$ cat run_9.pdb   # PDB, C-alpha atoms and all ligand atoms
MODEL        1
ATOM      1  CA  MET A   1      -3.118  -4.829 -12.991
ATOM      2  CA  SER A   2      -2.226  -1.232 -12.272
ATOM      3  CA  ASP A   3       1.263  -0.549 -10.958
ATOM      4  CA  VAL A   4      -0.187   1.191  -7.896
ATOM      5  CA  LEU A   5      -2.335  -1.807  -6.999
ATOM      6  CA  LYS A   6       0.576  -4.177  -7.369
ATOM      7  CA  PHE A   7       2.721  -1.843  -5.266
ATOM      8  CA  LEU A   8       0.125  -1.837  -2.476
ATOM      9  CA  GLN A   9      -0.260  -5.606  -2.611
ATOM     10  CA  GLN A  10       3.474  -6.102  -2.197
ATOM     11  CA  ARG A  11       4.278  -3.557   0.507
ATOM     12  CA  ASN A  12       6.587  -4.941   3.118
ATOM     13  CA  SER A  13       8.766  -3.763   5.962
ATOM     14  CA  ALA A  14      12.540  -3.781   6.125
ATOM     15  CA  PRO A  15      13.921  -4.311   9.634
ATOM     16  CA  ARG A  16      17.503  -3.680   8.481
ATOM     17  CA  LEU A  17      18.104  -0.240   7.026
ATOM     18  CA  CYS A  18      21.141   1.731   5.931
ATOM     19  CA  ALA A  19      22.003   5.085   4.352
ATOM     20  CA  PRO A  20      20.924   6.866   2.327
ATOM     21  CA  GLY A  21      17.579   7.790   3.739
ATOM     22  CA  PRO A  22      15.164  10.362   2.391
ATOM     23  CA  ASP A  23      16.634  13.870   2.363
ATOM     24  CA  ALA A  24      14.885  16.920   3.811
ATOM     25  CA  ALA A  25      12.856  17.627   0.669
ATOM     26  CA  GLN A  26      11.830  13.994   0.407
ATOM     27  CA  VAL A  27      10.848  13.921   4.087
ATOM     28  CA  GLU A  28       8.579  16.860   3.386
ATOM     29  CA  GLY A  29       7.039  14.815   0.574
ATOM     30  CA  LEU A  30       6.457  11.930   2.982
ATOM     31  CA  LEU A  31       4.780  14.263   5.448
ATOM     32  CA  GLN A  32       2.602  15.774   2.717
ATOM     33  CA  ALA A  33       1.345  12.249   2.031
ATOM     34  CA  ALA A  34       0.655  11.814   5.752
ATOM     35  CA  LEU A  35      -1.388  15.013   5.791
ATOM     36  CA  ARG A  36      -3.874  13.527   3.322
ATOM     37  CA  VAL A  37      -5.120  10.631   5.424
ATOM     38  CA  PRO A  38      -8.783  10.213   6.374
ATOM     39  CA  ASP A  39      -9.557  12.490   9.324
ATOM     40  CA  HIS A  40     -12.993  12.666  10.954
ATOM     41  CA  ALA A  41     -14.059  16.308  11.409
ATOM     42  CA  TRP A  42     -10.698  17.454  10.095
ATOM     43  CA  LEU A  43      -9.204  17.501  13.573
ATOM     44  CA  GLN A  44      -5.719  17.073  12.100
ATOM     45  CA  PRO A  45      -4.503  15.214  15.199
ATOM     46  CA  TRP A  46      -1.217  14.016  13.682
ATOM     47  CA  ARG A  47       2.137  15.333  14.865
ATOM     48  CA  PHE A  48       5.622  14.340  13.779
ATOM     49  CA  ASN A  49       9.178  14.453  15.105
ATOM     50  CA  VAL A  50      11.757  14.050  12.344
ATOM     51  CA  ILE A  51      15.031  12.755  13.730
ATOM     52  CA  THR A  52      18.158  12.543  11.604
ATOM     53  CA  GLY A  53      21.924  12.832  11.931
ATOM     54  CA  ALA A  54      23.092  13.669  15.459
ATOM     55  CA  GLY A  55      19.437  13.928  16.483
ATOM     56  CA  ARG A  56      19.517  10.116  16.567
ATOM     57  CA  ASP A  57      22.259  10.239  19.217
ATOM     58  CA  ARG A  58      20.127  12.623  21.253
ATOM     59  CA  LEU A  59      17.190  10.231  21.000
ATOM     60  CA  GLY A  60      19.462   7.350  21.970
ATOM     61  CA  GLN A  61      20.418   9.228  25.137
ATOM     62  CA  VAL A  62      16.725   9.849  25.821
ATOM     63  CA  PHE A  63      16.099   6.106  25.517
ATOM     64  CA  VAL A  64      18.932   5.469  27.998
ATOM     65  CA  ASP A  65      17.451   8.055  30.383
ATOM     66  CA  ALA A  66      14.058   6.342  30.054
ATOM     67  CA  LEU A  67      15.590   2.955  30.714
ATOM     68  CA  LEU A  68      17.393   4.205  33.822
ATOM     69  CA  ALA A  69      14.309   6.035  35.092
ATOM     70  CA  ASN A  70      12.487   2.691  35.078
ATOM     71  CA  ASP A  71      15.419   0.571  36.166
ATOM     72  CA  PRO A  72      18.290   2.508  37.783
ATOM     73  CA  LEU A  73      20.351  -0.697  37.831
ATOM     74  CA  ALA A  74      19.928  -1.458  34.109
ATOM     75  CA  ALA A  75      22.911  -3.402  32.800
ATOM     76  CA  ALA A  76      25.478  -1.662  30.610
ATOM     77  CA  ALA A  77      24.482  -3.907  27.701
ATOM     78  CA  ALA A  78      20.864  -2.798  27.977
ATOM     79  CA  GLN A  79      21.983   0.831  28.068
ATOM     80  CA  ASP A  80      24.131   0.303  24.970
ATOM     81  CA  LYS A  81      21.185  -1.286  23.175
ATOM     82  CA  ALA A  82      18.917   1.644  24.070
ATOM     83  CA  ARG A  83      21.551   4.172  22.976
ATOM     84  CA  ALA A  84      22.076   2.427  19.640
ATOM     85  CA  ALA A  85      18.401   1.837  18.826
ATOM     86  CA  PRO A  86      17.865   5.061  16.830
ATOM     87  CA  LEU A  87      21.016   4.391  14.812
ATOM     88  CA  ARG A  88      19.281   1.490  13.082
ATOM     89  CA  ALA A  89      18.152   3.839  10.303
ATOM     90  CA  PRO A  90      19.263   7.190   8.886
ATOM     91  CA  VAL A  91      15.848   8.793   9.331
ATOM     92  CA  LEU A  92      13.296   8.323  12.098
ATOM     93  CA  ILE A  93       9.850   9.830  12.137
ATOM     94  CA  VAL A  94       7.928   9.671  15.385
ATOM     95  CA  VAL A  95       4.230   9.776  14.550
ATOM     96  CA  SER A  96       1.976  10.876  17.363
ATOM     97  CA  CYS A  97      -1.629  11.793  17.863
ATOM     98  CA  LEU A  98      -2.648  14.923  19.717
ATOM     99  CA  VAL A  99      -5.898  13.541  21.061
ATOM    100  CA  GLN A 100      -8.538  16.250  21.269
ATOM    101  CA  PRO A 101     -11.865  16.184  23.056
ATOM    102  CA  HIS A 102     -14.652  16.096  20.477
ATOM    103  CA  PRO A 103     -18.335  15.182  20.799
ATOM    104  CA  LYS A 104     -18.331  13.009  17.669
ATOM    105  CA  VAL A 105     -14.738  11.874  17.230
ATOM    106  CA  PRO A 106     -13.559   9.576  19.987
ATOM    107  CA  ARG A 107      -9.912   8.998  20.845
ATOM    108  CA  ASP A 108      -9.822   5.716  18.949
ATOM    109  CA  GLU A 109     -10.766   7.402  15.681
ATOM    110  CA  GLN A 110      -8.068  10.004  16.139
ATOM    111  CA  LEU A 111      -5.505   7.282  16.817
ATOM    112  CA  LEU A 112      -6.661   5.420  13.717
ATOM    113  CA  SER A 113      -6.097   8.546  11.657
ATOM    114  CA  ALA A 114      -2.577   8.847  13.084
ATOM    115  CA  GLY A 115      -2.015   5.183  12.243
ATOM    116  CA  CYS A 116      -3.068   5.938   8.684
ATOM    117  CA  ALA A 117      -0.524   8.765   8.653
ATOM    118  CA  ALA A 118       2.199   6.342   9.701
ATOM    119  CA  HIS A 119       1.187   3.893   7.012
ATOM    120  CA  SER A 120       1.092   6.602   4.366
ATOM    121  CA  ILE A 121       4.644   7.599   5.286
ATOM    122  CA  LEU A 122       5.810   4.004   4.934
ATOM    123  CA  LEU A 123       4.084   3.665   1.570
ATOM    124  CA  ALA A 124       5.395   7.011   0.329
ATOM    125  CA  ALA A 125       8.933   6.106   1.389
ATOM    126  CA  GLU A 126       8.676   2.817  -0.462
ATOM    127  CA  ALA A 127       7.301   4.648  -3.499
ATOM    128  CA  MET A 128      10.451   6.828  -3.422
ATOM    129  CA  GLY A 129      12.613   3.714  -3.478
ATOM    130  CA  TYR A 130      13.340   3.626   0.251
ATOM    131  CA  ALA A 131      12.164   1.155   2.857
ATOM    132  CA  GLY A 132      11.048   1.306   6.442
ATOM    133  CA  VAL A 133       9.644  -0.381   9.470
ATOM    134  CA  TRP A 134       7.071   0.639  12.046
ATOM    135  CA  ARG A 135       8.128   0.086  15.631
ATOM    136  CA  THR A 136       6.615   0.977  18.979
ATOM    137  CA  GLY A 137       7.760  -0.788  22.146
ATOM    138  CA  SER A 138       7.832   0.566  25.684
ATOM    139  CA  TYR A 139       9.424   3.881  24.681
ATOM    140  CA  ALA A 140       6.229   4.799  22.821
ATOM    141  CA  THR A 141       4.406   5.253  26.118
ATOM    142  CA  ASP A 142       7.344   6.351  28.221
ATOM    143  CA  HIS A 143       7.037   9.597  30.164
ATOM    144  CA  THR A 144      10.748  10.439  29.839
ATOM    145  CA  VAL A 145      10.584  10.019  26.058
ATOM    146  CA  LYS A 146       7.403  12.019  25.678
ATOM    147  CA  THR A 147       8.794  14.842  27.819
ATOM    148  CA  ALA A 148      12.031  14.970  25.827
ATOM    149  CA  LEU A 149      10.049  15.143  22.584
ATOM    150  CA  GLU A 150       8.015  18.002  24.101
ATOM    151  CA  HIS A 151       4.758  16.152  23.668
ATOM    152  CA  GLU A 152       1.555  17.389  25.264
ATOM    153  CA  PRO A 153      -0.018  15.240  28.012
ATOM    154  CA  SER A 154      -2.759  14.166  25.570
ATOM    155  CA  GLN A 155      -0.307  13.355  22.774
ATOM    156  CA  GLU A 156       0.190   9.630  22.141
ATOM    157  CA  ILE A 157       2.981   8.094  20.104
ATOM    158  CA  VAL A 158       1.643   5.624  17.545
ATOM    159  CA  ALA A 159       4.850   4.858  15.658
ATOM    160  CA  PHE A 160       8.583   5.155  15.553
ATOM    161  CA  LEU A 161       9.122   4.877  11.805
ATOM    162  CA  TYR A 162      12.621   3.810  10.838
ATOM    163  CA  LEU A 163      13.369   4.797   7.237
ATOM    164  CA  GLY A 164      16.303   4.267   4.939
ATOM    165  CA  SER A 165      17.593   2.009   2.227
ATOM    166  CA  ARG A 166      16.966  -1.704   2.328
ATOM    167  CA  ASP A 167      20.023  -3.431   3.779
ATOM    168  CA  SER A 168      19.066  -6.935   2.720
ATOM    169  CA  GLU A 169      16.909  -8.766   0.217
ATOM    170  CA  ALA A 170      13.185  -8.206   0.637
ATOM    171  CA  LYS A 171      11.711 -11.170   2.464
ATOM    172  CA  GLN A 172       9.409 -13.678   0.821
ATOM    173  CA  LEU A 173       5.885 -12.336   1.107
ATOM    174  CA  PRO A 174       3.394 -14.673   2.791
ATOM    175  CA  LEU A 175       0.615 -16.026   0.627
ATOM    176  CA  ARG A 176      -2.653 -14.921   2.146
ATOM    177  CA  GLU A 177      -6.090 -16.018   1.005
ATOM    178  CA  VAL A 178      -8.609 -13.202   1.119
ATOM    179  CA  ASP A 179     -11.387 -15.675   1.947
ATOM    180  CA  ASN A 180      -9.765 -16.482   5.294
ATOM    181  CA  TYR A 181     -10.374 -12.928   6.459
ATOM    182  CA  VAL A 182     -13.697 -11.910   4.947
ATOM    183  CA  LYS A 183     -17.393 -12.687   5.101
ATOM    184  CA  TYR A 184     -19.524 -11.506   2.199
ATOM    185  CA  TRP A 185     -23.111 -10.401   2.391
ATOM    186  CA  ASN A 186     -24.489 -10.208  -1.123
ATOM    187  CA  GLN A 187     -28.112 -11.170  -0.654
TER     188      GLN A 187
HETATM  189  C1  LIG B   1       1.313  -0.490  15.684
HETATM  190  C2  LIG B   1       2.473  -1.371  15.274
HETATM  191  C3  LIG B   1       3.548  -1.490  16.118
HETATM  192  C4  LIG B   1       4.627  -2.312  15.770
HETATM  193  N1  LIG B   1       5.709  -2.394  16.621
HETATM  194  C5  LIG B   1       6.747  -3.182  16.292
HETATM  195  C6  LIG B   1       7.900  -3.235  17.124
HETATM  196  O1  LIG B   1       7.992  -2.569  18.143
HETATM  197  N2  LIG B   1       8.902  -4.067  16.760
HETATM  198  C7  LIG B   1       8.829  -4.825  15.617
HETATM  199  O2  LIG B   1       9.769  -5.573  15.330
HETATM  200  N3  LIG B   1       7.769  -4.770  14.800
HETATM  201  C8  LIG B   1       6.727  -3.968  15.098
HETATM  202  N4  LIG B   1       5.639  -3.905  14.266
HETATM  203  C9  LIG B   1       5.567  -4.805  13.090
HETATM  204  C10 LIG B   1       6.443  -4.374  11.910
HETATM  205  O3  LIG B   1       6.291  -2.994  11.636
HETATM  206  C11 LIG B   1       6.068  -5.172  10.637
HETATM  207  O4  LIG B   1       4.769  -4.878  10.229
HETATM  208  C12 LIG B   1       6.208  -6.673  10.848
HETATM  209  O5  LIG B   1       7.566  -6.972  11.095
HETATM  210  C13 LIG B   1       5.716  -7.482   9.635
HETATM  211  O6  LIG B   1       6.416  -7.149   8.493
HETATM  212  P1  LIG B   1       5.631  -6.700   7.166
HETATM  213  O7  LIG B   1       5.072  -5.334   7.465
HETATM  214  O8  LIG B   1       6.648  -6.708   6.092
HETATM  215  O9  LIG B   1       4.555  -7.723   6.944
HETATM  216  C14 LIG B   1       4.592  -3.053  14.555
HETATM  217  C15 LIG B   1       3.501  -2.882  13.701
HETATM  218  C16 LIG B   1       2.453  -2.053  14.050
HETATM  219  C17 LIG B   1       1.284  -1.890  13.103
ENDMDL
END

$ encode --input "run_9.pdb" --output "structure tokens"
Amino acid sequence: MSDVLKFLQQRNSAPRLCAPGPDAAQVEGLLQAALRVPDHAWLQPWRFNVITGAGRDRLGQVFVDALLANDPLAAAAAQDKARAAPLRAPVLIVVSCLVQPHPKVPRDEQLLSAGCAAHSILLAAEAMGYAGVWRTGSYATDHTVKTALEHEPSQEIVAFLYLGSRDSEAKQLPLREVDNYVKYWNQ
């Protein structure tokens, strides 16, 4: 079996991440991989926010602001959790989709392309020896967050990618039978 095929068959997420994460040149390599995803009509709808270092503290404050905008009485513990969320990895990439009106390419297809971009980044990071996890949650659709990230009204966040080094053993991969998911038509 080719190494690439085996790599793809064994991809898995790492919820616990530590330093080091990909450096600036490596992040550019990840983004170059993202820019080669399938893209109907070449709309290039993908957009990225790369958040590292003290940028993670800024994002943490944005999460706190979002929390308080929705719940002005949010408990201190909830605020601390929001503030600390971006510190769970050394590098975050917010993948979004700038949805554009198009007669042949509906919103869903543009979002799928952005999802492919997120997946390519995860795969590319793993190929570099790093690990990552794709998260969304309520902040992905939060007005305060989108405003802070300077997103357009039609820009939708599809992923908060947390990237870094694996902080624990890779989990046991589930055994999945292809036949449980597929129907074949061959006659
Ligand atoms: C669109 C999308 C959103 C996700 N959001 C979250 C999330 O907010 N929190 C989370 O723990 N996992 C989330 N996940 C799942 C993880 O990224 C991961 O796939 C899951 O933990 C299974 O691990 P595995 O990828 O190693 O099989 C999301 C996955 C996708 C595709």

$ atom_distance --input "run_9.pdb" --atom1 "CA of Gln100 (chain A)" --atom2 "CA of Glu28 (chain A)"
24.8 Å

$ residues_around --input "run_9.pdb" --residues "Ala114 (chain A)" --least-positions-apart "4" --cutoff "10 Å" --atoms "only C-alpha atoms" --output "list in words"
Ala34, Leu35, Val37, Pro38, Asp39, Gln44, Pro45, Trp46, Arg47, Phe48, Val95, Ser96, Cys97, Leu98, Val99, Asp108, Glu109, Gln110, Ala118, His119, Ser120, Glu156, Ile157, Val158 and Ala159 of chain A

$ write_last_selection --input "run_9.pdb" --atoms "C-alpha atoms" --output "PDB file, in the coordinates of the input"
ATOM      1  CA  ALA A  34       0.655  11.814   5.752  1.00  0.00           C
ATOM      2  CA  LEU A  35      -1.388  15.013   5.791  1.00  0.00           C
ATOM      3  CA  VAL A  37      -5.120  10.631   5.424  1.00  0.00           C
ATOM      4  CA  PRO A  38      -8.783  10.213   6.374  1.00  0.00           C
ATOM      5  CA  ASP A  39      -9.557  12.490   9.324  1.00  0.00           C
ATOM      6  CA  GLN A  44      -5.719  17.073  12.100  1.00  0.00           C
ATOM      7  CA  PRO A  45      -4.503  15.214  15.199  1.00  0.00           C
ATOM      8  CA  TRP A  46      -1.217  14.016  13.682  1.00  0.00           C
ATOM      9  CA  ARG A  47       2.137  15.333  14.865  1.00  0.00           C
ATOM     10  CA  PHE A  48       5.622  14.340  13.779  1.00  0.00           C
ATOM     11  CA  VAL A  95       4.230   9.776  14.550  1.00  0.00           C
ATOM     12  CA  SER A  96       1.976  10.876  17.363  1.00  0.00           C
ATOM     13  CA  CYS A  97      -1.629  11.793  17.863  1.00  0.00           C
ATOM     14  CA  LEU A  98      -2.648  14.923  19.717  1.00  0.00           C
ATOM     15  CA  VAL A  99      -5.898  13.541  21.061  1.00  0.00           C
ATOM     16  CA  ASP A 108      -9.822   5.716  18.949  1.00  0.00           C
ATOM     17  CA  GLU A 109     -10.766   7.402  15.681  1.00  0.00           C
ATOM     18  CA  GLN A 110      -8.068  10.004  16.139  1.00  0.00           C
ATOM     19  CA  ALA A 118       2.199   6.342   9.701  1.00  0.00           C
ATOM     20  CA  HIS A 119       1.187   3.893   7.012  1.00  0.00           C
ATOM     21  CA  SER A 120       1.092   6.602   4.366  1.00  0.00           C
ATOM     22  CA  GLU A 156       0.190   9.630  22.141  1.00  0.00           C
ATOM     23  CA  ILE A 157       2.981   8.094  20.104  1.00  0.00           C
ATOM     24  CA  VAL A 158       1.643   5.624  17.545  1.00  0.00           C
ATOM     25  CA  ALA A 159       4.850   4.858  15.658  1.00  0.00           C
TER      26      ALA A 159
END

$ residues_around --input "run_9.pdb" --residues "region 51-53 of chain A" --least-positions-apart "2" --cutoff "10 Å" --atoms "all atoms listed in the file" --output "ChimeraX atom specification"
/A:21-24,48-49,55-59,86-87,89-94,162

$ residues_near_ligand --input "run_9.pdb" --ligand "ligand LIG 1 (chain B)" --cutoff "6 Å" --atoms "all atoms listed in the file" --output "list of chain:residue names"
A:Asn12, A:Ser13, A:Val133, A:Trp134, A:Arg135, A:Thr136, A:Gly137

$ write_last_selection --input "run_9.pdb" --atoms "C-alpha atoms" --output "PDB file, in the coordinates of the input"
ATOM      1  CA  ASN A  12       6.587  -4.941   3.118  1.00  0.00           C
ATOM      2  CA  SER A  13       8.766  -3.763   5.962  1.00  0.00           C
ATOM      3  CA  VAL A 133       9.644  -0.381   9.470  1.00  0.00           C
ATOM      4  CA  TRP A 134       7.071   0.639  12.046  1.00  0.00           C
ATOM      5  CA  ARG A 135       8.128   0.086  15.631  1.00  0.00           C
ATOM      6  CA  THR A 136       6.615   0.977  18.979  1.00  0.00           C
ATOM      7  CA  GLY A 137       7.760  -0.788  22.146  1.00  0.00           C
TER       8      GLY A 137
END

$ residues_around --input "run_9.pdb" --residues "Ser168 (chain A)" --least-positions-apart "5" --cutoff "10 Å" --atoms "only C-alpha atoms" --output "ChimeraX atom specification"
/A:14-18

$ resolve_selection --input "run_9.pdb" --expression "the PyMOL selection byres (((chain A and resi 143) around 12) and not hetatm)" --output "PyMOL selection string"
chain A and resi 62-63+65-67+69-70+138-142+144-157

$ closest_residue --input "run_9.pdb" --among "A:Ala170, A:Ala76, A:Ala127, A:Ala41" --to "Pro101 (chain A)" --atoms "only C-alpha atoms"
A:Ala41
